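One file, my_file_38.cif, is given below (mmCIF, C-alpha atoms).
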data_structure
loop_
_atom_site.label_atom_id
_atom_site.label_comp_id
_atom_site.auth_asym_id
_atom_site.auth_seq_id
_atom_site.Cartn_x
_atom_site.Cartn_y
_atom_site.Cartn_z
CA MET X 1 -7.39 -3.79 7.31
CA VAL X 2 -4.31 -2.21 5.73
CA THR X 3 -3.21 -0.89 9.13
CA ARG X 4 -3.42 -4.36 10.61
CA ALA X 5 -1.62 -5.91 7.65
CA ARG X 6 1.17 -3.35 8.06
CA VAL X 7 1.90 -4.54 11.61
CA GLY X 8 2.27 -8.12 10.40
CA ASP X 9 -1.29 -9.41 10.72
CA ALA X 10 -1.34 -12.16 8.09
CA ASP X 11 -5.12 -12.56 8.33
CA ALA X 12 -5.61 -8.92 7.40
CA PHE X 13 -3.26 -9.30 4.44
CA ARG X 14 -5.12 -12.42 3.38
CA ALA X 15 -8.34 -10.38 3.24
CA LEU X 16 -6.60 -7.80 1.04
CA VAL X 17 -5.35 -10.54 -1.31
CA GLU X 18 -8.84 -12.01 -1.55
CA ARG X 19 -10.37 -8.62 -2.27
CA HIS X 20 -7.95 -7.37 -4.94
CA SER X 21 -6.70 -10.48 -6.79
CA ARG X 22 -9.36 -10.49 -9.51
CA SER X 23 -8.80 -6.91 -10.59
CA VAL X 24 -5.02 -7.34 -10.48
CA PHE X 25 -5.40 -10.45 -12.64
CA ARG X 26 -7.45 -8.53 -15.22
CA LEU X 27 -4.82 -5.81 -15.41
CA ALA X 28 -1.99 -8.35 -15.57
CA PHE X 29 -3.69 -10.34 -18.32
CA ARG X 30 -4.25 -7.26 -20.46
CA MET X 31 -0.64 -6.26 -19.99
CA THR X 32 0.91 -9.65 -20.63
CA GLY X 33 -1.71 -11.14 -22.96
CA ASN X 34 -1.01 -14.51 -21.43
CA GLU X 35 -2.96 -16.26 -18.70
CA GLN X 36 -0.06 -18.04 -17.04
CA ASP X 37 2.07 -14.90 -17.05
CA ALA X 38 -0.85 -12.99 -15.56
CA GLU X 39 -1.11 -15.58 -12.77
CA ASP X 40 2.60 -15.16 -12.06
CA VAL X 41 2.21 -11.37 -12.01
CA VAL X 42 -0.66 -11.60 -9.52
CA GLN X 43 1.33 -13.76 -7.13
CA GLU X 44 4.52 -11.74 -7.47
CA SER X 45 2.59 -8.49 -6.98
CA MET X 46 0.99 -9.72 -3.78
CA LEU X 47 4.32 -10.90 -2.40
CA ARG X 48 6.00 -7.60 -3.29
CA ALA X 49 3.10 -5.71 -1.74
CA TYR X 50 3.50 -7.68 1.49
CA LYS X 51 7.21 -6.92 1.63
CA GLN X 52 6.68 -3.23 0.88
CA LEU X 53 3.65 -2.65 3.12
CA ALA X 54 5.73 -0.66 5.58
CA LYS X 55 6.41 1.89 2.81
CA PHE X 56 2.73 2.31 1.95
CA ASP X 57 1.46 5.78 2.78
CA GLN X 58 -1.89 5.21 4.46
CA ARG X 59 -3.28 8.46 3.10
CA ALA X 60 -3.08 6.90 -0.38
CA CYS X 61 -5.51 4.44 -1.94
CA PHE X 62 -4.37 0.86 -1.40
CA SER X 63 -5.71 -0.43 -4.73
CA THR X 64 -3.89 2.30 -6.69
CA TRP X 65 -0.67 1.44 -4.86
CA LEU X 66 -1.19 -2.26 -5.54
CA TYR X 67 -1.88 -1.54 -9.22
CA ARG X 68 1.42 0.29 -9.46
CA ILE X 69 3.23 -2.72 -8.03
CA ALA X 70 1.38 -5.04 -10.44
CA THR X 71 2.25 -2.76 -13.36
CA ASN X 72 5.92 -2.91 -12.42
CA CYS X 73 5.79 -6.69 -12.06
CA ALA X 74 4.15 -7.05 -15.47
CA LEU X 75 6.64 -4.63 -17.03
CA ASP X 76 9.53 -6.61 -15.56
CA LEU X 77 8.05 -9.76 -17.01
CA LEU X 78 7.41 -8.21 -20.43
CA ARG X 79 10.92 -6.85 -20.57
CA SER X 80 12.56 -10.07 -19.47
CA ARG X 81 10.69 -12.58 -21.56
CA LYS X 82 11.37 -13.12 -25.21
CA ARG X 83 8.24 -12.39 -27.12
CA ARG X 84 6.53 -15.71 -27.52
CA THR X 85 4.61 -16.55 -30.60
CA GLN X 86 1.49 -18.07 -29.27
CA ASP X 87 -1.89 -19.25 -30.23
CA PRO X 88 -4.41 -16.56 -29.17
CA ALA X 89 -6.74 -19.33 -28.04
CA ALA X 90 -4.06 -20.68 -25.71
CA ALA X 91 -3.56 -17.22 -24.26
CA SER X 92 -7.10 -17.19 -23.05
CA GLY X 93 -7.27 -20.91 -22.25
CA ARG X 94 -9.28 -21.78 -19.19
CA ARG X 95 -8.30 -23.64 -16.09
CA ASP X 96 -10.62 -26.17 -14.53
CA GLY X 97 -13.60 -24.59 -12.85
CA GLU X 98 -12.97 -21.12 -14.17
CA ALA X 99 -15.54 -19.48 -16.36
CA GLU X 100 -14.70 -17.62 -19.51
CA GLU X 101 -15.85 -14.02 -19.57
CA PRO X 102 -17.89 -13.46 -22.69
CA ALA X 103 -15.93 -11.10 -24.86
CA THR X 104 -17.76 -8.02 -25.93
CA ALA X 105 -18.67 -8.54 -29.54
CA VAL X 106 -17.98 -5.73 -31.92
CA ALA X 107 -21.22 -4.42 -33.42
CA SER X 108 -23.08 -6.92 -31.29
CA GLN X 109 -26.47 -5.31 -31.90
CA ASP X 110 -26.71 -7.26 -35.12
CA PRO X 111 -25.01 -10.60 -34.61
CA ASN X 112 -25.45 -12.08 -38.07
CA PRO X 113 -22.82 -14.71 -39.06
CA GLU X 114 -20.84 -12.26 -41.17
CA ARG X 115 -20.58 -9.73 -38.32
CA VAL X 116 -19.69 -12.43 -35.79
CA ALA X 117 -16.89 -13.60 -38.07
CA LEU X 118 -15.67 -10.03 -38.45
CA SER X 119 -15.70 -9.39 -34.72
CA GLY X 120 -13.70 -12.59 -34.26
CA GLU X 121 -11.20 -11.29 -36.76
CA VAL X 122 -11.04 -7.95 -34.94
CA ARG X 123 -10.22 -9.76 -31.71
CA GLU X 124 -7.50 -11.81 -33.37
CA ARG X 125 -5.95 -8.77 -35.01
CA LEU X 126 -6.21 -6.81 -31.80
CA THR X 127 -4.47 -9.56 -29.83
CA ALA X 128 -1.73 -9.75 -32.47
CA ALA X 129 -1.37 -5.95 -32.62
CA MET X 130 -1.14 -5.70 -28.83
CA ASP X 131 1.66 -8.28 -28.92
CA GLU X 132 3.52 -6.08 -31.38
CA LEU X 133 3.55 -3.12 -28.98
CA SER X 134 6.63 -2.51 -26.88
CA ALA X 135 6.32 -3.24 -23.16
CA VAL X 136 6.01 0.44 -22.31
CA GLU X 137 3.53 1.17 -25.11
CA ARG X 138 1.37 -1.76 -24.11
CA THR X 139 1.45 -0.80 -20.44
CA ALA X 140 0.65 2.84 -21.15
CA PHE X 141 -2.22 1.86 -23.43
CA VAL X 142 -3.70 -0.67 -20.98
CA LEU X 143 -3.52 1.79 -18.11
CA ARG X 144 -5.10 4.56 -20.19
CA HIS X 145 -7.69 2.58 -22.13
CA PHE X 146 -8.76 -0.22 -19.81
CA GLU X 147 -7.94 1.15 -16.36
CA GLY X 148 -8.92 4.75 -17.12
CA MET X 149 -5.77 6.21 -15.60
CA GLY X 150 -4.78 9.79 -16.43
CA ILE X 151 -1.47 10.61 -18.09
CA GLU X 152 0.01 11.86 -14.79
CA ASP X 153 -0.76 8.58 -13.03
CA ILE X 154 0.57 6.56 -15.97
CA SER X 155 3.82 8.52 -15.89
CA ARG X 156 4.15 7.76 -12.17
CA ALA X 157 3.45 4.06 -12.76
CA LEU X 158 6.03 3.95 -15.56
CA ALA X 159 8.48 6.17 -13.67
CA CYS X 160 8.80 8.53 -16.63
CA GLN X 161 7.88 12.10 -17.57
CA PRO X 162 4.21 12.78 -18.46
CA GLY X 163 5.32 13.70 -22.00
CA ALA X 164 6.94 10.29 -22.45
CA ALA X 165 3.84 8.54 -21.09
CA LYS X 166 1.64 10.53 -23.47
CA HIS X 167 3.81 9.58 -26.44
CA SER X 168 3.70 5.91 -25.45
CA VAL X 169 -0.10 6.08 -25.55
CA PHE X 170 0.03 7.87 -28.94
CA ARG X 171 2.39 5.31 -30.44
CA ALA X 172 0.27 2.44 -29.16
CA VAL X 173 -2.94 3.91 -30.62
CA GLN X 174 -1.24 4.65 -33.95
CA LYS X 175 0.02 1.06 -34.22
CA LEU X 176 -3.38 -0.35 -33.28
CA ARG X 177 -5.04 1.92 -35.84
CA ARG X 178 -2.75 0.70 -38.59
CA ALA X 179 -3.51 -2.93 -37.73
CA LEU X 180 -7.22 -2.62 -37.04
CA GLU X 181 -8.59 0.14 -39.22
CA PRO X 182 -9.14 -2.01 -42.35
CA VAL X 183 -11.03 -4.74 -40.54
CA VAL X 184 -12.93 -2.38 -38.21
CA SER X 185 -14.12 -0.33 -41.17
CA ALA X 186 -15.31 -3.52 -42.85
CA ALA X 187 -17.22 -4.53 -39.71
CA ARG X 188 -19.28 -1.33 -39.69
CA MET G 1 -5.72 22.70 -30.78
CA SER G 2 -2.06 22.95 -31.79
CA TYR G 3 -0.82 26.44 -32.61
CA LEU G 4 1.62 24.91 -35.11
CA SER G 5 -1.16 23.41 -37.20
CA PRO G 6 -4.12 25.72 -36.85
CA MET G 7 -5.84 24.26 -39.87
CA HIS G 8 -6.37 20.70 -38.65
CA LEU G 9 -6.22 18.77 -35.42
CA SER G 10 -3.33 16.34 -35.08
CA GLU G 11 -3.85 12.64 -34.44
CA GLU G 12 -2.34 13.15 -30.96
CA GLU G 13 -4.83 15.89 -30.17
CA LEU G 14 -7.70 13.70 -31.30
CA ILE G 15 -6.47 10.78 -29.17
CA LEU G 16 -6.30 13.06 -26.13
CA HIS G 17 -9.76 14.34 -27.01
CA TYR G 18 -11.11 10.77 -27.13
CA TYR G 19 -9.76 10.08 -23.65
CA GLY G 20 -10.96 13.42 -22.29
CA GLU G 21 -7.38 14.47 -21.50
CA ASP G 22 -8.05 17.86 -23.10
CA ALA G 23 -10.71 18.56 -20.46
CA GLY G 24 -13.46 18.76 -23.07
CA SER G 25 -11.77 21.58 -24.94
CA LEU G 26 -14.28 23.75 -26.77
CA PRO G 27 -11.96 24.75 -29.67
CA GLU G 28 -11.52 21.04 -30.53
CA GLU G 29 -15.26 20.45 -30.42
CA ARG G 30 -15.91 23.48 -32.60
CA HIS G 31 -13.25 22.47 -35.11
CA LEU G 32 -14.66 18.94 -35.34
CA ASP G 33 -18.09 20.39 -36.06
CA GLN G 34 -16.72 22.41 -38.93
CA CYS G 35 -13.96 20.22 -40.43
CA ALA G 36 -14.99 17.06 -42.28
CA GLN G 37 -11.37 15.88 -42.64
CA CYS G 38 -10.70 15.98 -38.89
CA ARG G 39 -14.12 14.50 -38.20
CA ALA G 40 -13.27 11.53 -40.44
CA LEU G 41 -9.92 11.01 -38.70
CA TYR G 42 -11.59 11.24 -35.29
CA ALA G 43 -14.25 8.72 -36.37
CA SER G 44 -11.50 6.32 -37.42
CA ILE G 45 -9.72 6.68 -34.05
CA LYS G 46 -13.01 6.17 -32.23
CA ARG G 47 -13.81 3.03 -34.23
CA VAL G 48 -10.47 1.45 -33.45
CA LEU G 49 -10.48 2.39 -29.77
CA ASN G 50 -14.06 1.25 -29.34
CA ALA G 51 -13.12 -2.05 -30.98
CA ALA G 52 -10.21 -2.40 -28.55
CA ASP G 53 -12.78 -2.87 -25.80
CA CYS G 54 -13.37 -6.37 -27.12
CA LEU G 55 -9.92 -7.50 -25.98
CA PRO G 56 -10.89 -10.57 -23.99
CA ALA G 57 -9.83 -11.09 -20.40
CA PRO G 58 -10.58 -14.46 -18.80
CA ALA G 59 -12.80 -13.96 -15.78
CA ARG G 60 -11.94 -15.23 -12.36
CA ASP G 61 -14.63 -16.49 -9.99
CA PRO G 62 -15.13 -14.95 -6.52
CA GLU G 63 -12.98 -17.71 -4.94
CA TYR G 64 -9.98 -16.72 -7.03
CA GLY G 65 -8.52 -14.49 -4.28
CA ALA G 66 -8.62 -17.39 -1.82
CA ARG G 67 -6.74 -19.59 -4.31
CA VAL G 68 -4.09 -16.90 -4.82
CA TRP G 69 -3.66 -16.74 -1.05
CA GLN G 70 -3.23 -20.52 -0.85
CA ARG G 71 -0.50 -20.31 -3.49
CA ILE G 72 1.45 -17.51 -1.80
CA GLU G 73 0.78 -18.25 1.86
CA SER G 74 3.83 -20.45 2.28
CA ARG G 75 6.01 -17.67 0.85
CA ILE G 76 4.65 -15.02 3.22
CA PRO G 77 6.97 -14.67 6.20
CA ALA G 78 5.16 -16.18 9.21
CA ARG G 79 3.53 -13.68 11.46
CA ARG G 80 5.65 -13.36 14.53
CA ARG G 81 4.17 -13.37 18.01
CA TRP G 82 5.07 -10.46 20.20
CA TRP G 83 7.60 -12.54 22.08
CA ALA G 84 9.33 -13.57 18.87
CA ARG G 85 9.82 -10.04 17.54
CA PRO G 86 13.30 -8.48 17.79
CA GLU G 87 11.93 -5.19 19.13
CA THR G 88 10.33 -7.04 22.05
CA TRP G 89 13.66 -8.55 22.99
CA ARG G 90 15.36 -5.19 22.62
CA ALA G 91 12.85 -3.74 25.06
CA VAL G 92 13.26 -6.68 27.44
CA GLY G 93 17.04 -6.20 27.26
CA ALA G 94 16.72 -2.50 28.02
CA ALA G 95 14.34 -3.21 30.88
CA ALA G 96 16.61 -5.92 32.32
CA ALA G 97 19.67 -3.66 32.11
CA PHE G 98 17.78 -0.91 33.86
CA ALA G 99 16.52 -3.28 36.56
CA ALA G 100 20.08 -4.54 37.12
CA LEU G 101 21.25 -0.95 37.45
CA LEU G 102 18.62 -0.21 40.09
CA VAL G 103 19.45 -3.38 42.06
CA ALA G 104 23.17 -2.57 41.93
CA ALA G 105 22.53 1.00 43.08
CA PHE G 106 20.32 -0.25 45.91
CA LEU G 107 22.85 -2.86 47.08
CA ALA G 108 25.72 -0.40 46.87
CA GLY G 109 23.78 2.01 49.03
CA ARG G 110 23.05 -0.66 51.62
CA LEU G 111 26.48 -2.28 51.77
CA TYR G 112 28.79 0.71 51.41
CA PRO G 113 30.29 1.73 54.80
CA THR G 114 28.68 4.82 56.27
CA ALA G 115 32.01 6.60 56.51
CA HIS G 116 32.50 6.19 52.79
CA ARG G 117 29.01 7.24 51.81
CA PRO G 118 29.24 9.71 48.97
CA ALA G 119 28.70 13.35 49.54
CA PRO G 120 25.17 14.67 48.82
CA ALA G 121 26.40 16.05 45.51
CA ASP G 122 27.33 12.53 44.41
CA SER G 123 23.89 11.22 45.42
CA ILE G 124 22.30 13.82 43.20
CA ALA G 125 24.61 12.81 40.36
CA ASP G 126 23.62 9.14 40.81
CA ARG G 127 19.95 10.05 40.73
CA GLN G 128 20.48 12.10 37.58
CA THR G 129 22.22 9.16 35.94
CA GLY G 130 19.34 6.86 36.88
CA GLU G 131 16.85 9.34 35.46
CA ARG G 132 18.81 9.60 32.22
CA VAL G 133 18.77 5.82 31.80
CA LEU G 134 15.06 5.75 32.57
CA ARG G 135 14.35 8.50 30.04
CA VAL G 136 16.09 6.59 27.25
CA ALA G 137 14.16 3.40 28.01
CA VAL G 138 10.83 5.15 28.50
CA GLY G 139 11.16 7.18 25.25
CA ASP G 140 11.32 3.99 23.19
CA PHE G 141 8.58 2.36 25.23
CA LEU G 142 6.21 5.31 24.78
CA GLU G 143 6.63 5.22 21.00
CA ARG G 144 5.68 1.54 20.88
CA SER G 145 2.69 2.08 23.16
CA GLN G 146 1.57 5.05 21.10
CA LEU G 147 1.51 2.92 17.92
CA VAL G 148 -0.92 0.45 19.50
CA LEU G 149 -3.21 3.20 20.76
CA ILE G 150 -3.15 5.12 17.45
CA GLU G 151 -4.19 2.01 15.52
CA LEU G 152 -7.18 1.49 17.81
CA ASN G 153 -8.02 5.16 17.88
CA ASN G 154 -8.02 5.37 14.06
CA ALA G 155 -10.03 2.16 13.48
CA ASN G 156 -13.33 2.53 11.67
CA PRO G 157 -16.00 2.49 14.38
CA ALA G 158 -18.67 1.55 11.84
CA SER G 159 -17.42 -2.00 11.38
CA LYS G 160 -16.34 -4.99 13.48
CA LEU G 161 -12.69 -5.08 14.42
CA ASP G 162 -10.26 -7.88 15.12
CA ILE G 163 -7.81 -6.56 17.73
CA SER G 164 -6.02 -9.81 18.54
CA ALA G 165 -2.69 -8.36 17.33
CA GLU G 166 -3.12 -5.19 19.39
CA ARG G 167 -4.15 -7.25 22.42
CA GLU G 168 -0.95 -9.27 22.23
CA ARG G 169 1.16 -6.16 21.92
CA ALA G 170 -0.65 -4.45 24.80
CA ALA G 171 -0.14 -7.52 27.01
CA GLY G 172 3.57 -7.44 26.21
CA LEU G 173 3.75 -3.75 27.11
CA VAL G 174 1.96 -4.02 30.48
CA GLY G 175 4.85 -5.69 32.34
CA GLU G 176 7.35 -3.27 30.89
CA ASN G 177 5.14 -0.33 31.83
CA ARG G 178 4.92 -1.53 35.45
CA LEU G 179 8.70 -1.68 35.71
CA TYR G 180 9.17 1.83 34.34
CA ARG G 181 6.39 3.22 36.56
CA GLN G 182 8.02 1.76 39.69
CA SER G 183 11.38 3.13 38.60
CA ALA G 184 9.86 6.58 38.04
CA VAL G 185 8.40 6.48 41.55
CA HIS G 186 11.77 5.34 42.91
CA ILE G 187 13.67 8.29 41.46
CA GLY G 188 10.89 10.69 42.43
CA ASN G 189 9.60 11.59 38.94
CA ALA G 190 5.92 11.89 39.86
CA ALA G 191 4.81 13.30 36.49
CA MET G 192 6.23 10.35 34.57
CA ALA G 193 4.87 7.87 37.12
CA GLY G 194 1.39 9.43 36.76
CA VAL G 195 1.28 9.11 32.97
CA LEU G 196 2.64 5.57 33.12
CA ASP G 197 -0.01 4.71 35.69
CA ASP G 198 -2.76 5.95 33.33
CA LEU G 199 -1.17 4.14 30.40
CA GLU G 200 -0.96 0.90 32.35
CA ARG G 201 -4.72 0.93 33.04
CA VAL G 202 -5.45 1.44 29.33
CA LEU G 203 -3.02 -1.29 28.26
CA VAL G 204 -4.53 -3.70 30.78
CA ASP G 205 -8.02 -2.92 29.44
CA ILE G 206 -6.90 -3.57 25.86
CA SER G 207 -5.09 -6.80 26.74
CA HIS G 208 -8.26 -8.09 28.45
CA ALA G 209 -10.68 -6.96 25.73
CA PRO G 210 -12.26 -9.59 23.45
CA ALA G 211 -10.36 -10.27 20.21
CA GLN G 212 -13.38 -9.32 18.09
CA LEU G 213 -14.90 -5.95 18.88
CA SER G 214 -18.37 -5.00 17.75
CA PRO G 215 -18.84 -1.49 16.31
CA ALA G 216 -20.24 -0.44 19.72
CA ASP G 217 -17.17 -1.87 21.50
CA VAL G 218 -14.85 -0.05 19.10
CA GLU G 219 -16.64 3.21 19.74
CA SER G 220 -16.60 2.66 23.51
CA LEU G 221 -12.87 1.89 23.46
CA GLN G 222 -12.16 4.98 21.38
CA GLN G 223 -14.23 7.09 23.80
CA ARG G 224 -12.26 5.59 26.69
CA LEU G 225 -8.98 6.55 24.98
CA GLU G 226 -10.29 10.01 24.34
CA SER G 227 -11.67 10.62 27.82
CA ALA G 228 -8.42 9.44 29.42
CA GLY G 229 -6.57 11.81 27.06
CA ILE G 230 -3.90 9.16 27.13
CA LEU G 231 -2.55 9.76 23.62
CA PHE G 232 -2.07 13.44 24.39
CA LYS G 233 -0.36 12.66 27.70
CA ILE G 234 1.96 10.15 26.04
CA ARG G 235 2.89 12.65 23.34
CA VAL G 236 3.65 15.35 25.92
CA LEU G 237 5.71 12.99 28.05
CA GLY G 238 7.50 11.64 24.97
CA THR G 239 8.36 15.16 23.85
CA ASN G 240 9.62 16.11 27.32
CA VAL G 241 11.71 12.97 27.52
CA ARG G 242 13.22 13.65 24.10
CA ASN G 243 13.91 17.31 24.88
CA ARG G 244 15.64 16.47 28.13
CA GLN G 245 17.69 13.77 26.43
CA GLU G 246 18.80 16.28 23.81
CA THR G 247 19.60 18.92 26.41
CA ALA G 248 21.63 16.40 28.41
CA ALA G 249 23.47 15.32 25.26
CA GLU G 250 24.27 18.96 24.39
CA ARG G 251 25.54 19.64 27.93
CA SER G 252 27.67 16.54 27.81
CA ALA G 253 29.10 17.57 24.45
CA GLY G 254 29.80 21.07 25.85
CA ARG G 255 31.65 19.65 28.85
CA GLN G 256 33.76 17.43 26.60
CA LYS G 257 34.76 20.47 24.53
CA LEU G 258 35.86 22.31 27.65
#

Starting from the file, lay out its structure as structure tokens.
Amino acid sequence: MVTRARVGDADAFRALVERHSRSVFRLAFRMTGNEQDAEDVVQESMLRAYKQLAKFDQRACFSTWLYRIATNCALDLLRSRKRRTQDPAAASGRRDGEAEEPATAVASQDPNPERVALSGEVRERLTAAMDELSAVERTAFVLRHFEGMGIEDISRALACQPGAAKHSVFRAVQKLRRALEPVVSAAR
Amino acid sequence: MSYLSPMHLSEEELILHYYGEDAGSLPEERHLDQCAQCRALYASIKRVLNAADCLPAPARDPEYGARVWQRIESRIPARRRWWARPETWRAVGAAAAFAALLVAAFLAGRLYPTAHRPAPADSIADRQTGERVLRVAVGDFLERSQLVLIELNNANPASKLDISAERERAAGLVGENRLYRQSAVHIGNAAMAGVLDDLERVLVDISHAPAQLSPADVESLQQRLESAGILFKIRVLGTNVRNRQETAAERSAGRQKL
């Protein structure tokens, strides 16, 4: 499929877009924290991927390569936009016909009203704390925590030294700890 | 464990430990078993990072990819047919120039008065010039043909394959191949003519194959490519053509120096 897309077969590229858009959206949303921005990142990533297909080394994994492009697109967006103060509910607002993924509830084994309220508070604080991270910290954290990338891969995605990538993850976790520890401890 | 702080593990070390970036280091594990202070810090990090998993991400239904395509399709440069690609026209130009050269050489030979016919040495020089031109054109042509064959040869035989793009490219290459083969025969290069003859049969087969190949068809085509050894022959011919071009260029440069 990738080989055919590389020689200009639009149908093959269409199949790649259809296969990878959902995972790119998830990554983009976690990086930008905003649904509309994530949509823009998905589209921009796919267009950039199409233009750069000739540079893709076919020995590599296409999805990893596409993720790197999406990461760069999201970073560009995070760096260029002024941090918007936004309603967390609006950030996860749905479009017509699109289902909301049920968020994993914290301590969901015992969903009494008090715990549900606490897990809601954790989500709100988490969303706010993520917005307080710098673009690089947020990206490094999302790639490490949600995408399971190793420090080496993160450093390649961020075009920095592994040490710098590692410190970005550390700073992100430290900031999240400061914001979340009180409420997470209470939710236990 | 850090050598600078042998007593306790740092927050950084514990974060790396959580993510398994320390490759499950035994000293860290042992220290956590024995040190309540580090164990408490690690528990706090774990609580926060586990809680981070609840960061919501709106789901997208299975049709989402199709909608993304609809949104970007108009911004994707239209796929060009083989006849609309610049490289096709470059090849056509090269082929036309070469054909014109052959016609001119033929007419000159027929019309030039016998008394003024060039000496045998000049005839050899003309033939060498014609061969040089042919080598340049064929080198580029072989590379383009090789790309088509490599794509088919490397396709996954376990799944169906749409070869409409390769078919178009093969059809475009057949006419060009015929011209070069006839020229090779004309200048007496039997080896080149032989390889081009084999290549032409393969290109004709590909251009007449159905657009959708079943796994069995893919395997059969790949076996055909393998049994004809066509990729190997093209590579050998391509290398010879390149080497002779380089040698000719070096000789020419040497003569200019003298």

Find the spatial neighbours of X:Thr32, counting only C-alpha atoms, within a cut-off of 7 Å - ignore same-chain residues fewer than 4 positions away - and output them as a PyMOL selection string. chain X and resi 28+37-38+74+78

Residues of chain G that have any atom at most 10 Å from an atom of chain X: could you tabulate them with the shortest-distance atom pair and the distance in Å to one decimal, using only C-alpha atoms, ordered by chain and increasing number, as a tab-separated table?
residue	atom	partner	partner_atom	distance
G:Glu11	CA	X:Phe170	CA	8.2
G:Glu12	CA	X:Phe170	CA	6.1
G:Glu13	CA	X:Phe170	CA	9.5
G:Leu14	CA	X:Phe170	CA	10.0
G:Ile15	CA	X:Phe170	CA	7.1
G:Leu16	CA	X:Phe170	CA	8.7
G:Tyr19	CA	X:His145	CA	7.9
G:Gly20	CA	X:Gly150	CA	9.3
G:Glu21	CA	X:Gly150	CA	7.4
G:Ser44	CA	X:Glu181	CA	7.1
G:Ile45	CA	X:Arg177	CA	6.9
G:Lys46	CA	X:Arg177	CA	9.7
G:Arg47	CA	X:Val184	CA	6.8
G:Val48	CA	X:Arg177	CA	6.0
G:Leu49	CA	X:Val173	CA	7.7
G:Asn50	CA	X:Val106	CA	8.4
G:Ala51	CA	X:Val106	CA	6.2
G:Ala52	CA	X:Leu126	CA	6.8
G:Asp53	CA	X:Thr104	CA	7.2
G:Cys54	CA	X:Thr104	CA	4.8
G:Leu55	CA	X:Arg123	CA	6.2
G:Pro56	CA	X:Ala103	CA	5.1
G:Ala57	CA	X:Arg26	CA	6.2
G:Pro58	CA	X:Glu100	CA	5.2
G:Ala59	CA	X:Glu101	CA	4.9
G:Arg60	CA	X:Arg22	CA	6.1
G:Asp61	CA	X:Glu98	CA	6.5
G:Pro62	CA	X:Arg22	CA	7.9
G:Glu63	CA	X:Glu18	CA	7.8
G:Tyr64	CA	X:Arg22	CA	6.7
G:Gly65	CA	X:Glu18	CA	3.7
G:Ala66	CA	X:Glu18	CA	5.4
G:Arg67	CA	X:Glu18	CA	8.3
G:Val68	CA	X:Gln43	CA	6.7
G:Trp69	CA	X:Arg14	CA	6.4
G:Gln70	CA	X:Arg14	CA	9.3
G:Arg71	CA	X:Gln43	CA	7.7
G:Ile72	CA	X:Gln43	CA	6.5
G:Glu73	CA	X:Arg14	CA	8.4
G:Arg75	CA	X:Leu47	CA	7.7
G:Ile76	CA	X:Leu47	CA	7.0
G:Pro77	CA	X:Ala10	CA	8.9
G:Ala78	CA	X:Ala10	CA	7.7
G:Arg79	CA	X:Gly8	CA	5.8
G:Arg80	CA	X:Gly8	CA	7.5
G:Arg81	CA	X:Gly8	CA	9.4
G:Leu147	CA	X:Val7	CA	9.8
G:Val148	CA	X:Val7	CA	9.8
G:Glu151	CA	X:Thr3	CA	7.1
G:Leu152	CA	X:Thr3	CA	9.8
G:Asn154	CA	X:Thr3	CA	9.3
G:Ala155	CA	X:Thr3	CA	8.6
G:Asn156	CA	X:Met1	CA	9.7
G:Leu161	CA	X:Met1	CA	9.0
G:Asp162	CA	X:Arg4	CA	8.9
G:Ile163	CA	X:Arg4	CA	8.6
G:Ser164	CA	X:Asp9	CA	9.1
G:Ala165	CA	X:Asp9	CA	6.8
G:Glu166	CA	X:Arg4	CA	8.8

Correct to one decimal, the distance atom CA of G:Glu131-atom CA of G:Gly109 is 16.9 Å

What is the distance, in Å and to one decimal place, between atom CA of G:Leu196 and atom CA of G:Leu149? 13.9 Å

I would like the residues chosen by the PyMOL selection byres ((chain G and resi 234) around 9) on the shown file; could you give them as a PyMOL selection string? chain G and resi 142-143+145-146+195-196+199+229-233+235-239

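When the distance limit is 9 Å and only C-alpha atoms are what count, the residues near G:Ala171, minus those fewer than 4 positions from it on the same chain, are Glu166, Arg167, Gly175, Leu203, Val204, Ile206, Ser207 and His208 of chain G.
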
Could you rebuild stretch 180-186 of chain G with N, CA and C atoms and give me the result as a compact mmCIF listing (two decimals), keeping the file's coordinate frame?
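File produced: selection.txt:
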# COMPACT_ATOMS: atom_id res chain seq x y z
N TYR G 180 8.77 0.42 34.51
CA TYR G 180 9.17 1.83 34.34
C TYR G 180 8.44 2.72 35.34
N ARG G 181 7.16 2.39 35.62
CA ARG G 181 6.39 3.22 36.56
C ARG G 181 7.03 3.15 37.95
N GLN G 182 7.40 1.92 38.36
CA GLN G 182 8.02 1.76 39.69
C GLN G 182 9.35 2.50 39.76
N SER G 183 10.08 2.44 38.62
CA SER G 183 11.38 3.13 38.60
C SER G 183 11.18 4.64 38.69
N ALA G 184 10.13 5.15 38.00
CA ALA G 184 9.86 6.58 38.04
C ALA G 184 9.52 7.01 39.46
N VAL G 185 8.74 6.18 40.16
CA VAL G 185 8.40 6.48 41.55
C VAL G 185 9.67 6.49 42.40
N HIS G 186 10.53 5.50 42.13
CA HIS G 186 11.77 5.34 42.91
C HIS G 186 12.68 6.57 42.79
